[in-house]
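Asks: upload-v4.cif is reproduced in full below (mmCIF, C-alpha atoms).
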data_query
#
loop_
_atom_site.label_atom_id
_atom_site.label_comp_id
_atom_site.auth_asym_id
_atom_site.auth_seq_id
_atom_site.Cartn_x
_atom_site.Cartn_y
_atom_site.Cartn_z
CA MET A 48 -10.46 -10.19 -121.09
CA THR A 49 -12.49 -9.35 -124.23
CA TYR A 50 -9.52 -7.44 -125.66
CA LEU A 51 -7.09 -10.35 -125.23
CA THR A 52 -9.56 -12.92 -126.57
CA LEU A 53 -10.26 -10.86 -129.69
CA LYS A 54 -6.57 -10.14 -130.26
CA GLN A 55 -5.66 -13.84 -130.06
CA ALA A 56 -8.53 -14.80 -132.38
CA LEU A 57 -7.50 -12.27 -135.05
CA LYS A 58 -3.83 -13.21 -134.69
CA TYR A 59 -4.81 -16.81 -135.42
CA ALA A 60 -6.82 -15.63 -138.45
CA VAL A 61 -3.74 -13.82 -139.82
CA GLU A 62 -1.55 -16.91 -139.29
CA LYS A 63 -4.07 -19.01 -141.22
CA LYS A 64 -4.21 -16.30 -143.91
CA TYR A 65 -7.94 -15.80 -143.47
CA ILE A 66 -7.30 -12.05 -143.24
CA PRO A 67 -4.27 -9.99 -144.39
CA CYS A 68 -3.68 -8.21 -141.08
CA SER A 69 -5.21 -7.79 -137.63
CA PRO A 70 -7.05 -4.54 -136.89
CA MET A 71 -6.23 -5.14 -133.22
CA ASP A 72 -2.56 -4.29 -133.85
CA SER A 73 -3.41 -0.60 -133.92
CA ILE A 74 -5.68 -0.70 -130.87
CA ARG A 75 -4.18 0.03 -127.47
CA LYS A 76 -5.13 -2.24 -124.59
CA PRO A 77 -7.70 -0.51 -122.34
CA LYS A 78 -6.84 0.06 -118.69
CA ASP A 79 -8.27 -2.48 -116.31
CA GLU A 80 -11.02 -0.95 -114.21
CA LYS A 81 -11.07 -2.46 -110.75
CA PRO A 82 -14.47 -2.86 -109.16
CA GLU A 83 -14.91 -0.75 -106.05
CA MET A 84 -13.89 -2.67 -102.97
CA LYS A 85 -16.70 -3.06 -100.44
CA VAL A 86 -15.27 -2.94 -96.93
CA LEU A 87 -16.60 -2.60 -93.40
CA THR A 88 -17.16 0.86 -91.97
CA VAL A 89 -16.20 1.73 -88.40
CA GLU A 90 -19.86 1.24 -87.48
CA ASN A 91 -19.89 -2.19 -89.16
CA VAL A 92 -16.76 -3.24 -87.25
CA ASN A 93 -18.37 -2.31 -83.95
CA GLN A 94 -21.54 -4.21 -84.85
CA LEU A 95 -19.50 -7.26 -85.79
CA LEU A 96 -17.48 -7.22 -82.57
CA THR A 97 -20.67 -6.84 -80.53
CA GLU A 98 -21.89 -10.13 -82.01
CA ALA A 99 -18.46 -11.78 -81.73
CA LYS A 100 -18.37 -10.97 -78.01
CA LYS A 101 -21.15 -13.51 -77.50
CA THR A 102 -18.88 -16.29 -78.80
CA GLU A 103 -15.56 -17.93 -77.92
CA TYR A 104 -13.98 -16.25 -80.97
CA TYR A 105 -14.17 -12.67 -79.71
CA ALA A 106 -10.42 -12.18 -79.09
CA LEU A 107 -9.61 -13.71 -82.48
CA PHE A 108 -11.92 -11.47 -84.52
CA PHE A 109 -10.96 -8.44 -82.45
CA THR A 110 -7.30 -9.07 -83.29
CA TYR A 111 -8.15 -9.64 -86.97
CA GLU A 112 -9.84 -6.24 -87.15
CA PHE A 113 -7.16 -4.41 -85.17
CA THR A 114 -4.08 -5.86 -86.93
CA GLY A 115 -5.13 -6.62 -90.51
CA ALA A 116 -3.35 -9.99 -90.27
CA ARG A 117 -4.25 -12.79 -92.68
CA ARG A 118 -6.54 -15.62 -91.60
CA GLY A 119 -3.80 -18.25 -91.34
CA GLU A 120 -1.31 -15.88 -89.70
CA LEU A 121 -3.33 -15.46 -86.52
CA LEU A 122 -4.35 -19.12 -86.43
CA GLY A 123 -0.65 -20.03 -86.46
CA CYS A 124 0.27 -17.50 -83.78
CA ARG A 125 1.74 -18.75 -80.46
CA TRP A 126 1.88 -16.95 -77.13
CA SER A 127 5.65 -16.65 -77.63
CA ASP A 128 4.85 -14.49 -80.67
CA ILE A 129 3.07 -11.88 -78.54
CA ASP A 130 4.74 -9.36 -76.24
CA LEU A 131 2.00 -7.65 -74.27
CA LYS A 132 4.50 -5.33 -72.53
CA LEU A 133 6.00 -4.04 -75.78
CA LYS A 134 2.57 -4.28 -77.45
CA GLN A 135 3.87 -6.28 -80.42
CA LEU A 136 2.73 -9.28 -82.44
CA SER A 137 5.34 -11.23 -84.44
CA ILE A 138 4.16 -12.95 -87.60
CA ASN A 139 6.51 -15.75 -88.63
CA ARG A 140 4.27 -18.59 -89.80
CA GLN A 141 0.73 -19.40 -90.91
CA LEU A 142 -1.71 -22.27 -90.52
CA VAL A 143 -2.92 -23.75 -93.80
CA GLU A 144 -5.48 -26.42 -94.60
CA HIS A 145 -5.22 -28.75 -97.59
CA ASN A 146 -7.45 -31.82 -98.09
CA ASN A 147 -8.62 -31.47 -94.46
CA ILE A 148 -5.01 -31.66 -93.25
CA LEU A 149 -3.69 -28.77 -91.12
CA SER A 150 -0.04 -27.73 -91.26
CA PHE A 151 2.16 -24.75 -90.49
CA LYS A 152 4.09 -22.95 -93.21
CA SER A 153 6.18 -19.82 -93.60
CA PRO A 154 4.39 -16.62 -94.70
CA LYS A 155 3.74 -16.19 -98.42
CA THR A 156 6.53 -13.62 -98.90
CA LYS A 157 9.68 -12.39 -97.15
CA ASN A 158 7.76 -9.30 -96.03
CA GLY A 159 5.13 -11.60 -94.52
CA CYS A 160 7.48 -12.14 -91.58
CA ARG A 161 6.94 -8.94 -89.65
CA GLN A 162 6.08 -7.27 -86.36
CA ILE A 163 2.72 -5.57 -85.92
CA ASP A 164 2.26 -2.95 -83.22
CA LEU A 165 -0.78 -3.77 -81.12
CA THR A 166 -3.23 -1.16 -79.87
CA PRO A 167 -3.63 -0.78 -76.08
CA MET A 168 -7.19 -2.13 -76.31
CA ASN A 169 -6.05 -5.15 -78.29
CA CYS A 170 -3.53 -5.90 -75.53
CA ILE A 171 -6.29 -5.72 -72.92
CA ILE A 172 -8.45 -8.13 -74.93
CA LEU A 173 -5.53 -10.56 -75.35
CA THR A 174 -4.68 -10.37 -71.63
CA GLU A 175 -8.29 -11.23 -70.77
CA HIS A 176 -8.23 -13.99 -73.39
CA LEU A 177 -5.09 -15.51 -71.81
CA ALA A 178 -6.71 -15.51 -68.36
CA GLU A 179 -9.84 -17.13 -69.77
CA GLU A 180 -7.81 -19.81 -71.57
CA GLU A 181 -5.94 -20.59 -68.34
CA LYS A 182 -9.26 -20.98 -66.49
CA LYS A 183 -10.60 -23.32 -69.21
CA ARG A 184 -7.44 -25.46 -69.14
CA LYS A 185 -7.71 -25.90 -65.36
CA LEU A 186 -11.34 -26.96 -65.60
CA LEU A 187 -10.46 -29.39 -68.39
CA LYS A 188 -7.58 -30.84 -66.40
CA ARG A 189 -9.71 -31.38 -63.31
CA SER A 190 -12.49 -33.01 -65.31
CA GLN A 191 -9.96 -35.43 -66.79
CA THR A 192 -8.51 -36.48 -63.42
CA LYS A 193 -9.93 -37.76 -60.13
CA GLU A 194 -7.55 -35.85 -57.92
CA ASP A 195 -9.90 -33.11 -56.72
CA ALA A 196 -9.12 -33.90 -53.10
CA LEU A 197 -5.40 -33.68 -53.78
CA VAL A 198 -5.88 -30.40 -55.64
CA LYS A 199 -7.75 -28.92 -52.69
CA LYS A 200 -5.09 -30.20 -50.28
CA ASP A 201 -2.33 -28.49 -52.25
CA ALA A 202 -4.36 -25.33 -52.93
CA LEU A 203 -1.77 -23.19 -51.14
CA VAL A 204 0.94 -24.35 -53.51
CA LYS A 205 1.32 -22.01 -56.48
CA GLU A 206 0.24 -23.81 -59.62
CA GLU A 207 2.26 -23.56 -62.82
CA PRO A 208 0.39 -21.91 -65.75
CA LEU A 209 -1.24 -24.47 -68.00
CA VAL A 210 -1.07 -22.20 -71.04
CA LYS A 211 2.52 -22.44 -72.30
CA LYS A 212 4.54 -20.11 -74.52
CA GLU A 213 4.49 -22.62 -77.38
CA ASP A 214 0.68 -22.98 -77.25
CA LEU A 215 -1.51 -21.45 -79.96
CA VAL A 216 -3.14 -18.16 -78.99
CA PHE A 217 -6.37 -19.00 -80.78
CA ALA A 218 -7.36 -22.65 -80.57
CA HIS A 219 -9.81 -25.16 -79.10
CA VAL A 220 -9.72 -25.62 -75.33
CA ASP A 221 -7.57 -28.75 -75.73
CA GLY A 222 -4.98 -26.77 -77.68
CA LYS A 223 -5.82 -28.17 -81.11
CA PRO A 224 -5.83 -25.54 -83.90
CA TYR A 225 -8.97 -24.09 -85.40
CA SER A 226 -9.65 -25.03 -88.99
CA PRO A 227 -9.35 -21.97 -91.28
CA HIS A 228 -12.57 -23.08 -92.98
CA LEU A 229 -14.33 -23.14 -89.59
CA ILE A 230 -13.27 -19.55 -88.87
CA SER A 231 -14.54 -18.39 -92.28
CA HIS A 232 -17.85 -20.13 -91.57
CA VAL A 233 -18.12 -18.43 -88.16
CA TRP A 234 -17.33 -15.10 -89.83
CA GLN A 235 -20.24 -15.46 -92.25
CA LYS A 236 -22.61 -16.24 -89.37
CA LEU A 237 -21.43 -13.19 -87.43
CA MET A 238 -21.82 -11.00 -90.50
CA LYS A 239 -25.39 -12.18 -90.91
CA ARG A 240 -26.21 -11.51 -87.27
CA SER A 241 -24.68 -8.03 -87.43
CA GLY A 242 -26.71 -7.15 -90.53
CA THR A 243 -23.80 -6.96 -92.95
CA GLU A 244 -23.47 -9.73 -95.53
CA GLY A 245 -21.55 -10.33 -98.73
CA ILE A 246 -18.09 -9.44 -97.41
CA SER A 247 -15.45 -12.14 -96.97
CA LEU A 248 -13.25 -12.57 -93.91
CA HIS A 249 -10.22 -11.34 -95.87
CA THR A 250 -11.99 -8.19 -97.06
CA GLY A 251 -13.85 -7.57 -93.82
CA THR A 252 -10.71 -7.69 -91.69
CA ARG A 253 -7.57 -7.08 -93.75
CA HIS A 254 -8.90 -4.65 -96.37
CA SER A 255 -11.18 -2.92 -93.86
CA HIS A 256 -8.26 -2.43 -91.45
CA ALA A 257 -6.12 -0.85 -94.17
CA THR A 258 -8.93 1.36 -95.44
CA ILE A 259 -9.74 2.72 -91.97
CA LEU A 260 -6.05 3.47 -91.35
CA LEU A 261 -5.62 5.31 -94.65
CA LYS A 262 -8.81 7.32 -94.18
CA ASN A 263 -7.48 8.42 -90.81
CA GLY A 264 -4.29 9.77 -92.32
CA VAL A 265 -1.88 6.89 -91.64
CA HIS A 266 0.99 6.87 -94.17
CA PRO A 267 0.74 4.09 -96.82
CA LYS A 268 4.25 2.90 -95.86
CA ILE A 269 3.02 2.08 -92.35
CA VAL A 270 0.00 0.29 -93.79
CA GLN A 271 2.29 -1.69 -96.10
CA GLU A 272 4.43 -2.84 -93.17
CA ARG A 273 1.41 -3.85 -91.07
CA LEU A 274 -0.11 -5.86 -93.91
CA GLY A 275 3.19 -7.41 -94.99
CA HIS A 276 2.88 -6.34 -98.63
CA SER A 277 5.98 -6.99 -100.76
CA SER A 278 6.19 -3.29 -101.71
CA ILE A 279 4.48 0.03 -101.14
CA VAL A 280 3.52 -0.03 -104.83
CA MET A 281 1.27 -3.00 -104.11
CA THR A 282 -0.35 -1.13 -101.22
CA MET A 283 -0.85 2.02 -103.28
CA ASP A 284 -2.34 -0.01 -106.13
CA THR A 285 -4.66 -2.08 -103.92
CA TYR A 286 -6.02 0.95 -102.07
CA SER A 287 -5.74 3.53 -104.85
CA HIS A 288 -9.47 4.28 -104.54
CA VAL A 289 -8.93 5.33 -100.91
CA ILE A 290 -5.68 7.22 -101.50
CA ASN A 291 -7.09 9.15 -104.47
CA GLY A 292 -10.01 10.26 -102.32
CA MET A 293 -7.60 11.71 -99.75
CA GLY A 294 -6.32 14.34 -102.19
CA LYS A 295 -8.73 17.08 -101.12
CA ALA A 296 -8.00 16.51 -97.45
CA ALA A 297 -4.25 16.74 -98.15
CA ALA A 298 -4.71 19.97 -100.12
CA ALA A 299 -6.83 21.50 -97.37
CA GLY A 300 -4.24 20.45 -94.78
CA PHE A 301 -1.45 22.17 -96.68
CA ASP A 302 -3.58 25.28 -97.10
CA ASP A 303 -4.26 25.37 -93.37
CA ALA A 304 -0.59 24.82 -92.46
CA VAL A 305 0.73 27.63 -94.67
CA ILE A 306 -2.05 30.24 -94.65
CA ASN A 307 -2.62 30.00 -90.89
CA TYR A 308 1.10 29.89 -90.07
CA LYS A 309 2.15 32.17 -87.22
CA ASP A 310 5.74 32.95 -86.33
CA ASP A 311 5.98 33.06 -82.52
CA LYS A 312 8.97 35.40 -82.68
CA VAL A 313 7.07 37.87 -84.84
CA VAL A 314 4.13 37.78 -82.45
CA GLU A 315 6.49 38.46 -79.50
CA LYS A 316 7.97 41.55 -81.18
CA VAL A 317 4.55 42.97 -81.94
CA THR A 318 3.45 42.39 -78.35
CA ILE A 319 6.47 44.21 -76.93
#
Do you think you could lay out the structure here as structure tokens?
Replies:
Amino acid sequence: MTYLTLKQALKYAVEKKYIPCSPMDSIRKPKDEKPEMKVLTVENVNQLLTEAKKTEYYALFFTYEFTGARRGELLGCRWSDIDLKLKQLSINRQLVEHNNILSFKSPKTKNGCRQIDLTPMNCIILTEHLAEEEKKRKLLKRSQTKEDALVKKDALVKEEPLVKKEDLVFAHVDGKPYSPHLISHVWQKLMKRSGTEGISLHTGTRHSHATILLKNGVHPKIVQERLGHSSIVMTMDTYSHVINGMGKAAAAGFDDAVINYKDDKVVEKVTI
């Protein structure tokens, strides 16, 4: 920023003939130094989820941490977008808020439309969440009608699920969507309770998810696809501080693979 400001100022001075030439013409632009990204550790994530479990937002924040999806992507997710048998989550839209008006839009980029593989534990949490939502809908329906006697009379008749495929996965009990601003506010409260403050929802879920994956040896290409980045270059650039730190581990792994290599056939011949 200082470099560009000074260059523009001296360029203007040359144009006005205040100075014969700009000394900045011979100075190369310095490389931008990115501040170190502060993300949640595995311990922090567990502390956060412990606090989230005490709220109605547990399944939402669990899925944020375990998928790395953007805030609006999960808030726009319907049950038809989740396949618990195949363990997949399809991202094809997002919920946005502008001037207190909620609307659904396509993801920011073409790569934003993607499928994210769900972990087995995430599927269990979502299955439990679906059952809980069904229970809440039934209680809400009965409180809104005066047909308790009729309900009891027809108790043997199998009831149709109240949670439909087109319903939002994460929403108020009446099906209305959560405000993105509300979720960010809840996040800050949970962070405070878990003893970790100063990290935004985006950093604490999306960036933390990617960092944990990379530190555990997951290939950057896989991370790129999960996050929906436009290219692997963007992923490599965003998490260069993590990837650079993995160099020693990679070198040690290669050393171990080659130096400790044993040919089974050679061992057999020696044994005979």
Asks: Can you work out which one of A:Glu272, A:Glu98, A:Asp303, A:Glu103 has the shortest atom-to-atom distance to Ile230 (chain A), counting only C-alpha atoms?
Replies: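 The shortest atom-to-atom distance to Ile230 (chain A) comes from A:Glu103.
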Asks: Provide the CA of Leu187 (chain A) to CA of Cys170 (chain A) distance in Å, to one decimal place.
Replies: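 Here the two named atoms are 25.5 Å from each other.
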Asks: Compare A:Leu107, A:Ile138, A:Ile246, A:Leu237 by their minimum atom-to-atom distance to Leu173 (chain A), counting all atoms listed in the file, and give me the closest one.
Replies: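 Ranked by minimum distance to Leu173 (chain A), first place goes to A:Leu107.
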Asks: Where does the PyMOL selection byres ((chain A and resi 141-145) around 7) land in this file, that is, which residues does it pick, as a list in words?
Replies: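 Evaluating the PyMOL selection byres ((chain A and resi 141-145) around 7) on this file yields Gly119, Glu120, Leu122, Gly123, Arg140, Asn146, Asn147, Ile148, Leu149, Ser150, Phe151, Lys152, Ser153, Pro154 and Pro227 of chain A.
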Asks: Mind pulling up the distance from CA of Met281 (chain A) to CA of Ala296 (chain A)?
Replies: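 If I compute the distance from CA of Ala296 (chain A) to CA of Met281 (chain A), I get 22.6 Å.
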Asks: Would you compute, for all listed atoms of region 266-278 of chain A, the axis-aligned bounding box grown by 4 Å on each side, and then report its centre and edge lengths in Å rounded to one decimal, as JSON?
Replies:
{"center_x": 3.0, "center_y": -0.3, "center_z": -96.4, "size_x": 14.3, "size_y": 22.3, "size_z": 18.6}
Asks: List as a list in words: which residues have an atom within 8 Å of (-12.1, -11.3, -93.4), counting all atoms listed in the file?
Replies: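 Residues close enough to count: Tyr111, Arg118, Ser231, Trp234, Ile246, Ser247, Leu248, His249, Thr250, Gly251, Thr252, Arg253 and His254 of chain A.
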Asks: What does the distance between CA of Thr88 (chain A) and CA of Gly300 (chain A) come to in Å, to one decimal place?
Replies: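 Separation of CA of Thr88 (chain A) and CA of Gly300 (chain A): 23.6 Å.
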Asks: Identify all residues satisfying the PyMOL selection byres ((chain A and resi 91) around 12) in the given file; provide them as a PyMOL selection string.
Replies: chain A and resi 85-90+92-98+112+237-244+246+251-252+255-256+259
Asks: Quick check on the file I pasted: which residues fall under the PyMOL selection byres ((chain A and resi 221) around 12)? Write them as a ChimeraX atom specification.
Replies: /A:180-181,183-188,191,209-210,214-220,222-225
Asks: Pick out the closest residue to Val289 (chain A) from this set: A:Met84, A:Leu274, A:Lys54, A:Lys134. Count only C-alpha atoms.
Replies: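 Using only C-alpha atoms, the shortest distance to Val289 (chain A) belongs to A:Met84.
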